[in-house]
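Peer 1: Here you go, start-v8.cif (mmCIF, C-alpha atoms):
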```cif
data_query
#
loop_
_atom_site.label_atom_id
_atom_site.label_comp_id
_atom_site.auth_asym_id
_atom_site.auth_seq_id
_atom_site.Cartn_x
_atom_site.Cartn_y
_atom_site.Cartn_z
CA MET O 1 50.13 180.60 79.21
CA ASN O 2 47.28 178.48 80.41
CA GLU O 3 47.05 174.86 79.54
CA LEU O 4 44.04 174.37 77.34
CA SER O 5 42.06 171.36 78.33
CA VAL O 6 39.92 169.25 76.10
CA SER O 7 36.27 170.02 76.64
CA LYS O 8 34.29 167.34 78.41
CA HIS O 9 31.20 168.41 76.46
CA LYS O 10 30.64 166.77 73.09
CA SER O 11 28.73 169.88 72.00
CA HIS O 12 31.07 172.54 73.42
CA ARG O 13 30.38 176.03 72.13
CA VAL O 14 32.14 179.36 72.53
CA LEU O 15 30.43 182.73 72.27
CA MET O 16 31.69 186.31 72.44
CA TYR O 17 29.59 189.43 72.13
CA ILE O 18 29.78 193.17 72.63
CA SER O 19 26.80 195.24 73.70
CA LYS O 20 26.04 198.79 74.79
CA ALA O 21 25.01 199.30 78.43
CA THR O 22 21.62 201.03 78.81
CA GLU O 23 22.65 202.61 82.07
CA PRO O 24 24.05 206.06 81.23
CA GLU O 25 27.79 206.03 81.23
CA VAL O 26 29.65 207.82 83.95
CA LYS O 27 33.33 208.19 83.03
CA GLY O 28 35.53 205.81 85.01
CA ILE O 29 32.63 204.39 87.04
CA LEU O 30 31.19 200.89 86.73
CA PRO O 31 27.42 200.71 86.15
CA GLN O 32 25.34 199.97 89.24
CA CYS O 33 23.93 196.80 87.69
CA ILE O 34 27.32 195.12 87.38
CA VAL O 35 27.28 193.59 90.89
CA SER O 36 23.92 191.92 90.36
CA ILE O 37 24.91 190.82 86.86
CA ILE O 38 28.05 189.12 88.15
CA THR O 39 26.47 187.62 91.30
CA VAL O 40 23.47 186.13 89.54
CA SER O 41 25.35 185.15 86.40
CA ARG O 42 28.09 183.42 88.37
CA LYS O 43 25.56 181.24 90.21
CA GLU O 44 23.42 180.56 87.15
CA ASN O 45 26.39 179.91 84.90
CA GLN O 46 27.95 177.56 87.41
CA LYS O 47 24.71 175.56 87.52
CA ALA O 48 24.61 175.48 83.73
CA GLY O 49 28.32 174.57 83.49
CA LEU O 50 29.30 177.81 81.77
CA SER O 51 32.51 179.76 82.29
CA GLY O 52 34.11 182.87 80.82
CA VAL O 53 34.80 186.53 81.46
CA LEU O 54 32.85 189.78 81.52
CA ALA O 55 34.43 193.17 80.91
CA TYR O 56 33.11 196.70 80.86
CA ALA O 57 34.57 199.90 79.55
CA ASP O 58 33.34 203.18 78.11
CA GLY O 59 29.72 202.12 78.19
CA TYR O 60 30.25 198.73 76.53
CA PHE O 61 30.02 195.18 77.85
CA LEU O 62 32.16 192.44 76.39
CA GLN O 63 31.49 188.88 77.42
CA VAL O 64 33.01 185.56 76.47
CA LEU O 65 31.20 182.36 77.39
CA GLU O 66 31.86 178.71 76.84
CA GLY O 67 29.97 175.56 77.70
CA ALA O 68 27.43 173.10 76.39
CA ASP O 69 25.62 174.09 73.21
CA ASP O 70 22.12 174.02 74.69
CA ALA O 71 23.21 176.00 77.78
CA ILE O 72 24.78 178.68 75.59
CA GLU O 73 21.65 178.77 73.41
CA ARG O 74 19.40 179.28 76.44
CA LEU O 75 21.62 182.01 77.83
CA LEU O 76 21.89 183.79 74.48
CA HIS O 77 18.11 183.84 74.29
CA LYS O 78 17.99 185.49 77.75
CA LEU O 79 20.79 187.94 76.92
CA LYS O 80 18.93 189.20 73.86
CA LYS O 81 15.96 190.10 76.06
CA ASP O 82 18.01 191.63 78.91
CA LYS O 83 17.17 195.32 79.23
CA ARG O 84 20.45 196.22 80.90
CA HIS O 85 22.10 196.33 77.46
CA LYS O 86 21.24 196.85 73.80
CA ASN O 87 22.77 196.49 70.34
CA LEU O 88 24.08 193.05 71.19
CA ASN O 89 26.62 192.14 68.51
CA VAL O 90 27.80 188.52 68.46
CA LEU O 91 31.42 188.42 67.31
CA VAL O 92 32.23 184.75 67.86
CA ASP O 93 29.80 181.82 67.95
CA ARG O 94 31.17 178.43 67.08
CA LYS O 95 31.64 174.89 68.21
CA SER O 96 34.94 174.10 69.80
CA SER O 97 36.69 171.08 71.20
CA LYS O 98 38.80 173.21 73.51
CA ASN O 99 38.00 174.41 77.01
CA TYR O 100 39.53 177.90 77.07
CA PHE O 101 38.57 179.02 80.55
CA ASN O 102 39.17 175.73 82.37
CA ASP O 103 35.67 175.71 83.94
CA LYS O 104 36.52 178.79 85.98
CA PRO O 105 33.44 180.70 87.20
CA LEU O 106 32.50 183.93 85.46
CA LYS O 107 34.96 186.70 86.30
CA LEU O 108 34.74 190.45 86.01
CA GLU O 109 37.96 191.16 84.20
CA PRO O 110 39.43 194.67 84.32
CA ALA O 111 42.42 193.99 82.11
CA LEU O 112 41.57 191.69 79.26
CA GLN O 113 44.97 192.12 77.66
CA SER O 114 46.56 190.34 80.60
CA ASN O 115 44.04 187.55 80.85
CA ASP O 116 45.79 184.51 79.39
CA TYR O 117 42.59 182.58 78.86
CA PHE O 118 41.09 185.46 76.92
CA ILE O 119 44.21 186.03 74.82
CA ASP O 120 44.30 182.36 73.80
CA PHE O 121 40.61 182.52 72.99
CA ILE O 122 41.02 185.62 70.80
CA ARG O 123 44.07 184.20 69.06
CA GLU O 124 42.22 181.01 68.10
CA ASN O 125 38.76 182.37 67.36
CA PHE O 126 38.71 185.97 66.34
CA THR O 127 41.39 186.10 63.71
CA SER O 128 39.52 183.53 61.69
CA LEU O 129 36.62 185.92 61.10
CA GLU O 130 36.58 187.55 57.71
CA ASN O 131 35.16 190.92 56.79
CA SER O 132 35.01 191.97 60.37
CA THR O 133 35.45 195.65 60.98
CA ILE O 134 36.18 195.05 64.61
CA THR O 135 39.67 193.70 65.08
CA PRO O 136 40.82 191.79 68.12
CA GLN O 137 42.88 194.81 69.10
CA LYS O 138 39.85 197.05 68.96
CA VAL O 139 37.84 194.55 70.98
CA ILE O 140 40.45 194.50 73.66
CA GLU O 141 40.86 198.25 73.64
CA ARG O 142 37.14 198.66 73.86
CA ALA O 143 36.85 196.33 76.83
CA VAL O 144 39.90 197.22 78.88
CA SER O 145 38.95 199.13 81.97
CA LYS O 146 40.50 202.52 82.65
CA ASN O 147 39.90 201.93 86.36
CA PRO O 148 40.76 198.32 87.19
CA LEU O 149 40.63 199.05 90.92
CA GLN O 150 36.86 199.26 90.68
CA GLU O 151 36.56 195.81 89.15
CA ARG O 152 38.75 194.36 91.86
CA GLN O 153 36.62 196.05 94.53
CA VAL O 154 33.49 194.63 92.98
CA GLU O 155 34.99 191.13 92.91
CA ARG O 156 35.99 191.41 96.57
CA HIS O 157 32.51 192.65 97.49
CA ILE O 158 30.93 189.72 95.65
CA GLU O 159 33.27 187.23 97.35
CA ARG O 160 32.33 188.62 100.77
CA SER O 161 28.60 188.43 99.97
CA GLU O 162 28.94 184.90 98.66
CA LYS O 163 30.68 183.81 101.88
CA GLU O 164 27.97 185.40 104.05
CA ASN O 165 25.22 183.77 102.04
CA GLU O 166 26.80 180.34 102.02
CA GLU O 167 24.08 177.94 102.75
CA PHE O 168 24.00 176.62 106.30
CA PRO O 169 24.83 172.88 106.07
CA PHE O 170 21.61 171.89 107.84
CA SER O 171 19.26 174.09 105.81
CA SER O 172 17.89 171.22 103.75
CA CYS O 173 17.91 168.75 106.61
CA GLU O 174 15.69 167.36 109.30
CA ILE O 175 17.12 167.85 112.78
CA LYS O 176 16.50 165.96 116.00
CA LEU O 177 18.01 166.12 119.44
CA LYS O 178 19.50 162.74 120.36
CA ALA O 179 19.50 163.54 124.07
CA TRP O 180 18.93 166.59 126.22
CA PRO O 181 22.14 168.34 127.23
CA ARG O 182 23.26 167.97 130.81
CA PHE O 183 22.36 170.89 133.04
CA ASN O 184 24.17 170.56 136.33
CA SER O 185 24.65 174.13 137.43
CA LYS O 186 21.61 176.27 136.75
CA LEU O 187 18.64 176.43 134.42
CA PRO O 188 19.83 177.58 130.97
CA PRO O 189 18.33 180.60 129.19
CA ARG O 190 14.78 180.37 127.91
CA GLU O 191 15.81 180.47 124.23
CA PHE O 192 18.15 177.51 124.61
CA MET O 193 15.56 175.41 126.43
CA GLU O 194 12.96 176.29 123.81
CA LEU O 195 15.29 175.31 120.97
CA CYS O 196 16.07 171.95 122.60
CA ALA O 197 12.34 171.39 123.10
CA LEU O 198 11.58 172.20 119.46
CA ILE O 199 14.15 169.71 118.21
CA SER O 200 13.29 167.03 120.76
CA GLN O 201 11.15 165.64 117.90
CA PRO O 202 12.39 165.58 114.27
CA ILE O 203 11.82 168.93 112.61
CA ALA O 204 12.77 170.26 109.20
CA TYR O 205 15.20 173.17 109.36
CA PRO O 206 12.87 175.59 107.47
CA LEU O 207 10.15 174.91 110.07
CA LEU O 208 12.63 175.33 112.89
CA LEU O 209 13.69 178.64 111.38
CA ALA O 210 10.05 179.77 111.29
CA LYS O 211 9.87 179.07 115.06
CA ASN O 212 13.33 180.40 115.83
CA PRO O 213 13.48 181.37 119.53
CA TYR O 214 16.62 183.43 118.95
CA ALA O 215 16.77 186.96 117.65
CA SER O 216 18.60 185.96 114.47
CA GLU O 217 19.20 183.05 112.14
CA LYS O 218 22.92 183.40 112.84
CA GLU O 219 22.45 182.81 116.59
CA LEU O 220 20.24 179.80 115.92
CA ASN O 221 22.81 178.29 113.57
CA GLN O 222 25.65 178.87 116.05
CA VAL O 223 23.78 176.98 118.77
CA LEU O 224 22.90 174.15 116.39
CA VAL O 225 26.56 173.83 115.47
CA GLN O 226 27.49 173.69 119.16
CA LEU O 227 24.92 170.96 119.77
CA ASP O 228 26.21 169.07 116.74
CA ASN O 229 29.80 169.37 117.96
CA ALA O 230 28.65 167.93 121.30
CA LYS O 231 27.24 164.98 119.29
CA LEU O 232 23.72 165.71 120.50
CA LEU O 233 22.14 166.15 117.08
CA ALA O 234 20.85 163.69 114.51
CA VAL O 235 20.77 165.37 111.09
CA ASN O 236 19.17 163.79 108.03
CA LYS O 237 18.76 165.13 104.52
CA LEU O 238 15.20 166.22 103.72
CA LEU O 239 13.60 164.46 100.76
CA SER O 240 11.16 167.30 100.14
CA SER O 241 10.40 170.77 101.51
CA PRO O 242 7.80 171.23 104.25
CA PRO O 243 4.42 172.33 102.83
CA VAL O 244 4.01 176.11 102.62
CA GLU O 245 0.91 176.06 104.88
CA LYS O 246 2.95 174.44 107.63
CA LEU O 247 5.68 177.07 107.30
CA GLU O 248 3.14 179.87 107.35
CA ARG O 249 1.42 178.39 110.41
CA ALA O 250 4.72 178.02 112.23
CA GLY O 251 5.58 181.60 111.34
CA ARG O 252 2.32 182.86 112.81
CA ALA O 253 3.43 181.79 116.30
CA GLU O 254 6.04 184.54 116.31
CA SER O 255 3.52 187.36 115.86
CA VAL O 256 1.13 188.12 118.73
CA GLU O 257 -1.16 189.99 116.36
CA ARG O 258 -1.75 186.84 114.28
CA VAL O 259 -2.38 184.34 117.12
CA ASP O 260 -4.99 181.81 116.19
CA ARG O 261 -7.59 181.97 118.96
CA GLU O 262 -8.59 178.38 118.42
CA ASP O 263 -5.16 176.99 119.20
CA PHE O 264 -3.91 176.35 122.74
CA PHE O 265 -0.30 176.26 121.65
CA PHE O 266 -0.37 179.72 120.10
CA LYS O 267 -2.36 181.12 123.01
CA MET O 268 0.22 179.84 125.46
CA LYS O 269 3.00 181.26 123.31
CA SER O 270 1.28 184.63 123.28
CA PHE O 271 0.70 184.54 127.06
CA LEU O 272 4.32 183.69 127.79
CA GLY O 273 5.49 186.37 125.41
CA ARG O 274 3.68 188.94 127.55
CA ILE O 275 5.33 187.78 130.76
CA ARG O 276 8.93 188.73 129.83
CA MET H 1 -16.26 176.32 132.78
CA GLU H 2 -18.67 176.18 129.81
CA ASN H 3 -17.21 176.65 126.33
CA ARG H 4 -13.70 176.91 127.77
CA GLU H 5 -10.68 175.11 126.55
CA TYR H 6 -9.11 173.79 129.70
CA LYS H 7 -5.93 171.81 130.08
CA LYS H 8 -3.96 170.66 133.08
CA LEU H 9 -0.39 170.97 134.17
CA ALA H 10 0.64 168.47 136.81
CA ILE H 11 3.36 169.38 139.30
CA ILE H 12 4.26 166.01 140.80
CA GLY H 13 6.54 165.32 143.73
CA HIS H 14 6.92 164.28 147.32
CA VAL H 15 6.53 166.41 150.41
CA GLY H 16 8.96 169.28 150.44
CA SER H 17 9.82 169.14 146.72
CA GLY H 18 8.48 172.66 146.07
CA LYS H 19 5.07 171.92 144.53
CA THR H 20 3.12 174.47 146.56
CA CYS H 21 5.69 177.17 145.92
CA PHE H 22 5.78 176.41 142.22
CA VAL H 23 2.00 176.54 141.84
CA LYS H 24 1.93 179.88 143.68
CA THR H 25 4.68 181.26 141.49
CA LEU H 26 2.85 180.39 138.31
CA SER H 27 -0.70 181.23 139.07
CA GLU H 28 -2.44 184.37 138.10
CA ILE H 29 -4.88 183.95 140.88
CA THR H 30 -4.11 183.27 144.51
CA PRO H 31 -4.16 179.50 144.71
CA VAL H 32 -6.41 177.64 147.07
CA ASP H 33 -4.10 177.16 150.02
CA THR H 34 -4.82 173.82 151.61
CA ASP H 35 -1.88 173.84 153.94
CA VAL H 36 -2.42 172.86 157.59
CA GLU H 37 0.07 172.52 160.38
CA SER H 38 1.80 169.19 160.17
CA SER H 39 1.42 166.73 163.01
CA VAL H 40 4.68 164.98 162.11
CA ASN H 41 8.10 166.56 161.84
CA ILE H 42 8.61 166.77 158.10
CA GLY H 43 11.10 169.59 158.24
CA LYS H 44 8.55 172.37 157.69
CA LYS H 45 5.66 173.80 159.58
CA THR H 46 2.86 173.11 157.17
CA THR H 47 2.09 170.46 154.66
CA THR H 48 -0.56 170.18 152.01
CA VAL H 49 -3.30 167.73 152.83
CA GLY H 50 -5.29 168.24 149.72
CA ILE H 51 -4.06 169.53 146.42
CA ASP H 52 -2.45 172.80 145.45
CA TYR H 53 -4.37 174.43 142.66
CA GLY H 54 -3.74 177.44 140.51
CA ARG H 55 -4.90 178.70 137.15
CA ILE H 56 -3.52 180.69 134.25
CA ASN H 57 -6.10 182.34 132.02
CA LEU H 58 -4.70 182.48 128.52
CA ASP H 59 -7.74 184.34 127.29
CA GLU H 60 -11.46 184.55 128.06
CA MET H 61 -12.11 181.06 126.79
CA THR H 62 -8.87 179.24 127.57
CA ALA H 63 -7.16 178.31 130.80
CA LEU H 64 -4.40 176.10 132.15
CA GLY H 65 -5.11 174.52 135.51
CA ILE H 66 -2.03 173.93 137.63
CA TYR H 67 -2.24 170.99 140.00
CA GLY H 68 0.29 170.23 142.70
CA VAL H 69 -0.06 166.44 142.82
CA PRO H 70 1.16 164.54 145.89
CA GLY H 71 3.58 161.82 144.95
CA GLN H 72 2.36 159.13 147.34
CA SER H 73 0.51 156.29 145.62
CA ARG H 74 -2.39 156.52 148.05
CA TYR H 75 -3.42 159.63 146.14
CA THR H 76 -4.03 157.83 142.85
CA PHE H 77 -7.65 159.09 142.90
CA ILE H 78 -6.19 162.60 142.54
CA TRP H 79 -3.75 161.35 139.91
CA GLU H 80 -6.64 159.97 137.85
CA MET H 81 -8.47 163.27 137.92
CA VAL H 82 -5.37 165.23 136.90
CA ARG H 83 -4.45 162.78 134.15
CA GLU H 84 -7.55 163.82 132.18
CA SER H 85 -6.73 166.57 129.66
CA LEU H 86 -3.11 166.58 130.79
CA TRP H 87 -1.06 169.18 128.87
CA GLY H 88 2.27 168.75 130.63
CA ALA H 89 4.02 167.48 133.73
CA ILE H 90 6.81 168.78 135.91
CA VAL H 91 8.25 166.26 138.35
CA LEU H 92 10.05 167.85 141.28
CA PHE H 93 12.70 166.28 143.47
CA ASN H 94 14.24 167.90 146.52
CA PHE H 95 18.03 167.65 146.20
CA ASN H 96 18.33 167.07 149.95
CA ASN H 97 16.00 164.05 149.96
CA SER H 98 16.84 160.60 148.73
CA LEU H 99 15.69 159.76 145.27
CA ASP H 100 13.18 156.94 144.88
CA GLU H 101 13.57 155.69 141.31
CA ASN H 102 10.52 153.45 141.61
CA ASN H 103 8.35 156.43 142.38
CA LEU H 104 9.60 158.26 139.32
CA LYS H 105 8.88 155.26 137.10
CA GLU H 106 5.45 154.86 138.65
CA TRP H 107 4.58 158.50 137.89
CA LEU H 108 5.91 158.34 134.35
CA ARG H 109 3.81 155.24 133.67
CA PHE H 110 0.65 156.38 135.42
CA PHE H 111 0.56 159.75 133.70
CA LYS H 112 1.36 158.05 130.36
CA ILE H 113 4.19 160.42 129.61
CA LYS H 114 5.66 158.19 126.91
CA GLU H 115 2.38 156.73 125.67
CA ASN H 116 0.63 160.07 125.15
CA ALA H 117 3.79 162.08 124.35
CA ILE H 118 3.11 164.38 127.30
CA PRO H 119 5.77 167.11 127.59
CA CYS H 120 7.66 166.47 130.79
CA ILE H 121 10.46 168.15 132.73
CA ILE H 122 12.27 166.79 135.77
CA GLY H 123 13.22 169.55 138.18
CA ILE H 124 15.64 169.33 141.08
CA SER H 125 14.76 171.88 143.74
CA HIS H 126 16.83 173.20 146.70
CA ALA H 127 19.97 172.67 144.59
CA GLU H 128 21.34 176.24 144.76
CA ASN H 129 24.28 175.23 146.94
CA ALA H 130 24.40 171.63 145.88
CA ASP H 131 27.67 169.78 145.78
CA PRO H 132 28.31 169.38 142.02
CA GLU H 133 29.32 165.72 142.33
CA MET H 134 26.24 164.85 144.35
CA LEU H 135 24.06 166.69 141.85
CA ASP H 136 25.74 164.78 139.03
CA GLN H 137 24.95 161.48 140.73
CA ILE H 138 21.29 162.39 141.16
CA ILE H 139 21.04 163.48 137.54
CA ASP H 140 22.65 160.18 136.49
CA HIS H 141 20.06 158.20 138.44
CA ILE H 142 17.20 160.17 136.99
CA GLN H 143 18.57 159.87 133.45
CA LYS H 144 18.85 156.12 133.86
CA CYS H 145 15.19 155.90 134.91
CA LEU H 146 14.12 158.03 131.98
CA GLU H 147 16.06 155.84 129.56
CA GLU H 148 14.53 152.69 131.02
CA GLU H 149 11.08 154.20 130.54
CA CYS H 150 11.99 155.48 127.04
CA VAL H 151 11.19 159.05 128.05
CA MET H 152 13.28 161.94 126.74
CA ALA H 153 12.99 164.80 129.19
CA PRO H 154 15.34 167.51 130.45
CA VAL H 155 16.64 167.21 134.01
CA VAL H 156 17.25 170.69 135.39
CA PRO H 157 18.03 172.41 138.69
CA VAL H 158 15.11 174.74 139.38
CA ASP H 159 14.14 177.33 141.96
CA PRO H 160 10.32 177.13 142.37
CA ARG H 161 10.33 180.66 143.83
CA SER H 162 11.66 182.16 140.61
CA THR H 163 9.03 183.47 138.21
CA GLU H 164 11.61 183.67 135.44
CA GLU H 165 12.54 180.00 135.85
CA ALA H 166 8.92 178.93 136.13
CA VAL H 167 8.11 180.75 132.89
CA THR H 168 11.14 179.15 131.19
CA LEU H 169 9.82 175.72 132.16
CA LEU H 170 6.31 176.54 130.92
CA ASN H 171 7.75 177.84 127.67
CA THR H 172 9.83 174.68 127.28
CA LEU H 173 6.81 172.45 127.85
CA ASN H 174 4.84 174.42 125.28
CA ALA H 175 7.63 174.04 122.72
CA MET H 176 7.62 170.28 123.33
CA VAL H 177 3.92 170.05 122.45
CA ARG H 178 3.42 168.66 118.96
CA VAL H 179 1.25 171.12 116.99
#
```
As a first step, turn the structure in this file into structure tokens.
Peer 2:
Amino acid sequence: MNELSVSKHKSHRVLMYISKATEPEVKGILPQCIVSIITVSRKENQKAGLSGVLAYADGYFLQVLEGADDAIERLLHKLKKDKRHKNLNVLVDRKSSKNYFNDKPLKLEPALQSNDYFIDFIRENFTSLENSTITPQKVIERAVSKNPLQERQVERHIERSEKENEEFPFSSCEIKLKAWPRFNSKLPPREFMELCALISQPIAYPLLLAKNPYASEKELNQVLVQLDNAKLLAVNKLLSSPPVEKLERAGRAESVERVDREDFFFKMKSFLGRIR
Amino acid sequence: MENREYKKLAIIGHVGSGKTCFVKTLSEITPVDTDVESSVNIGKKTTTVGIDYGRINLDEMTALGIYGVPGQSRYTFIWEMVRESLWGAIVLFNFNNSLDENNLKEWLRFFKIKENAIPCIIGISHAENADPEMLDQIIDHIQKCLEEECVMAPVVPVDPRSTEEAVTLLNTLNAMVRV
């Protein structure tokens, strides 16, 4: 049994609904939209301080959410307009002083009957409803997956994507080389020299990315990490993003077709690009 | 050169540092060869008595002039001409010759490398078979001069005969330019 914690929100609200998926049901298969629903919802809900579970079975979604009253209200408004489901039926909507899901991020739950947080929630909230034709048992039956392996695969896929997309620690920073590295054997590759030259003056990471001399963002980030580990980088948080025009102009340097004929820098870049 | 955008790249260094070779490597056109046979034993048969010159045409209206600038202070009249519209500077030292720190400082100051934020690279030529410790010492000396002059510039071994290396240095200078 989970330990229920007291909600830190004065206006803590819990909400549970069932809805019918608009995507045609394929027996035993999760709808295609479920990955994007979970990925986006998890991020958005985390920002809004919401937690809960989402389940799917036999063409129906069941979701339980808890969090601040205004956050729940905003999300409910969005859910009612979401075209991925219809016939949204709110089964529980009340204020609560308890935090049932312990601030855990939204989870795709294949087996609601074994989810302790959900069971406690149902026990405390659903049985109090009168004149309801949908019993807690029916709710659980309706939302228990016949193919829990799929849900677990989806969760693993989302975890992998989230790891890959983890923001690079310097992405909202200004970067500057404190000193040129020491080259005492031979001249390093062109890309490395160009990177060091670009960061020899302070430059915002988004601008640096637009001028990336490497083939990929991953390679650029690896080299920046190496330079940082060698204590050659000064990294400072950016107070605001570089203006869009500057980003677009920096990006133009990478395309020979869009070289600005009036600019010596871009002409030289284009010339050197032809020499390779 | 009417209606042309024209900038200069200075290749600065003493006799035997590789200026002539470097200019030749970079130029699109055959440079004006001002070499004559040397009357003094300087370790090679010819020496430049004027100035090595080459040019890269970026397009019909834009060119980079490449000037091999002698490092001796009696050539300051040439230095003054090259300093106008200076785009970048590459200072070359021959690994096998002794390093004169005062010369380096004089060049950095005269060409206003720090003052005008001129992209600058220090190249050490003839270092292919250099003793690593000796090379380290030379790099240390050069770094110390740069720090004293508040100039941040890479110090790199370079082969002036290599087109690939010459292009890498040009590319690096271009990336150092503030757009």
Peer 1: Determine which residues of chain O sit within 10 Å of chain H, taking into account all atoms listed in the file, and present them as a PyMOL selection string.
Peer 2: chain O and resi 177-201+211+213+249-250+261-273+275-276
Peer 1: Please enumerate the residues selected by the PyMOL selection byres ((chain O and resi 46) around 12) when evaluated against the supplied file, formatted as a list in words.
Peer 2: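 Applied to this file, the PyMOL selection byres ((chain O and resi 46) around 12) returns Ile38, Thr39, Val40, Ser41, Arg42, Lys43, Glu44, Asn45, Lys47, Ala48, Gly49, Leu50, Ser51, Gly52, Leu65, Glu66, Gly67, Ala68, Ala71, Asp103, Lys104, Pro105, Leu106 and Lys107 of chain O.
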Peer 1: Just want the 10 Å neighbourhood of H:Ser73, counted on all atoms listed in the file, with same-chain residues fewer than 3 positions away dropped. Output as a PDB file with C-alpha atoms, in the coordinates of the input.
Peer 2:
```pdb
ATOM      1  CA  PRO H  70       1.160 164.540 145.890  1.00  0.00           C
ATOM      2  CA  THR H  76      -4.030 157.830 142.850  1.00  0.00           C
ATOM      3  CA  PHE H  77      -7.650 159.090 142.900  1.00  0.00           C
ATOM      4  CA  ILE H  78      -6.190 162.600 142.540  1.00  0.00           C
ATOM      5  CA  TRP H  79      -3.750 161.350 139.910  1.00  0.00           C
ATOM      6  CA  ASN H 103       8.350 156.430 142.380  1.00  0.00           C
ATOM      7  CA  GLU H 106       5.450 154.860 138.650  1.00  0.00           C
ATOM      8  CA  TRP H 107       4.580 158.500 137.890  1.00  0.00           C
TER       9      TRP H 107
END
```
Peer 1: Here's a test: counting only C-alpha atoms, identify every protein, DNA and RNA residue with an atom at most 6 Å from (12.5, 167.3, 109.2) in the file's coordinate frame, and state them as an MDAnalysis selection string.
Peer 2: chainID O and resid 174:175 202:204
Peer 1: Can you work out which one of H:Ile142, H:Cys150, H:Ile66, H:Leu26 has the shortest atom-to-atom distance to H:Phe95, counting all atoms listed in the file?
Peer 2: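 The answer is H:Ile142, which sits nearest to H:Phe95.
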Peer 1: Under the rule that all atoms listed in the file are counted, which of O:Val225, O:Lys138, O:Cys173, O:Val14 is the nearest residue to O:Phe121?
Peer 2: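 Looking only at the distances to O:Phe121, the closest residue turns out to be O:Val14.
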Peer 1: From the coordinates I just gave you, please extract stretch 54-69 of chain O so that only N, CA and C atoms remain, then output it as an mmCIF file, in the first residue's frame.
Peer 2:
```
data_model
loop_
_atom_site.group_PDB
_atom_site.id
_atom_site.type_symbol
_atom_site.label_atom_id
_atom_site.label_comp_id
_atom_site.auth_asym_id
_atom_site.auth_seq_id
_atom_site.Cartn_x
_atom_site.Cartn_y
_atom_site.Cartn_z
ATOM 1 N N LEU O 54 -2.894 6.810 -16.956
ATOM 2 C CA LEU O 54 -3.727 6.702 -18.150
ATOM 3 C C LEU O 54 -3.801 5.228 -18.501
ATOM 4 N N ALA O 55 -4.998 4.754 -18.805
ATOM 5 C CA ALA O 55 -5.155 3.357 -19.217
ATOM 6 C C ALA O 55 -6.000 3.324 -20.476
ATOM 7 N N TYR O 56 -5.817 2.218 -21.222
ATOM 8 C CA TYR O 56 -6.592 2.045 -22.447
ATOM 9 C C TYR O 56 -6.996 0.587 -22.568
ATOM 10 N N ALA O 57 -8.215 0.364 -22.932
ATOM 11 C CA ALA O 57 -8.628 -1.016 -23.218
ATOM 12 C C ALA O 57 -9.923 -0.964 -24.004
ATOM 13 N N ASP O 58 -10.017 -1.899 -24.967
ATOM 14 C CA ASP O 58 -11.253 -2.098 -25.726
ATOM 15 C C ASP O 58 -11.830 -0.806 -26.274
ATOM 16 N N GLY O 59 -10.957 0.083 -26.726
ATOM 17 C CA GLY O 59 -11.428 1.305 -27.360
ATOM 18 C C GLY O 59 -11.726 2.439 -26.397
ATOM 19 N N TYR O 60 -11.482 2.252 -25.114
ATOM 20 C CA TYR O 60 -11.760 3.297 -24.124
ATOM 21 C C TYR O 60 -10.482 3.771 -23.431
ATOM 22 N N PHE O 61 -10.437 5.090 -23.189
ATOM 23 C CA PHE O 61 -9.394 5.653 -22.331
ATOM 24 C C PHE O 61 -9.981 5.828 -20.934
ATOM 25 N N LEU O 62 -9.140 5.609 -19.941
ATOM 26 C CA LEU O 62 -9.487 5.999 -18.574
ATOM 27 C C LEU O 62 -8.300 6.778 -18.028
ATOM 28 N N GLN O 63 -8.572 7.939 -17.502
ATOM 29 C CA GLN O 63 -7.461 8.721 -16.950
ATOM 30 C C GLN O 63 -7.838 9.261 -15.580
ATOM 31 N N VAL O 64 -6.874 9.230 -14.693
ATOM 32 C CA VAL O 64 -7.001 9.855 -13.380
ATOM 33 C C VAL O 64 -5.922 10.920 -13.288
ATOM 34 N N LEU O 65 -6.331 12.103 -12.841
ATOM 35 C CA LEU O 65 -5.380 13.207 -12.694
ATOM 36 C C LEU O 65 -5.561 13.856 -11.339
ATOM 37 N N GLU O 66 -4.453 14.348 -10.805
ATOM 38 C CA GLU O 66 -4.571 15.155 -9.595
ATOM 39 C C GLU O 66 -3.565 16.286 -9.652
ATOM 40 N N GLY O 67 -3.937 17.382 -8.994
ATOM 41 C CA GLY O 67 -3.044 18.551 -8.974
ATOM 42 C C GLY O 67 -3.809 19.783 -8.551
ATOM 43 N N ALA O 68 -3.225 20.942 -8.845
ATOM 44 C CA ALA O 68 -3.860 22.200 -8.461
ATOM 45 C C ALA O 68 -5.147 22.396 -9.247
ATOM 46 N N ASP O 69 -6.095 23.024 -8.605
ATOM 47 C CA ASP O 69 -7.438 23.225 -9.162
ATOM 48 C C ASP O 69 -7.386 23.907 -10.536
#
```
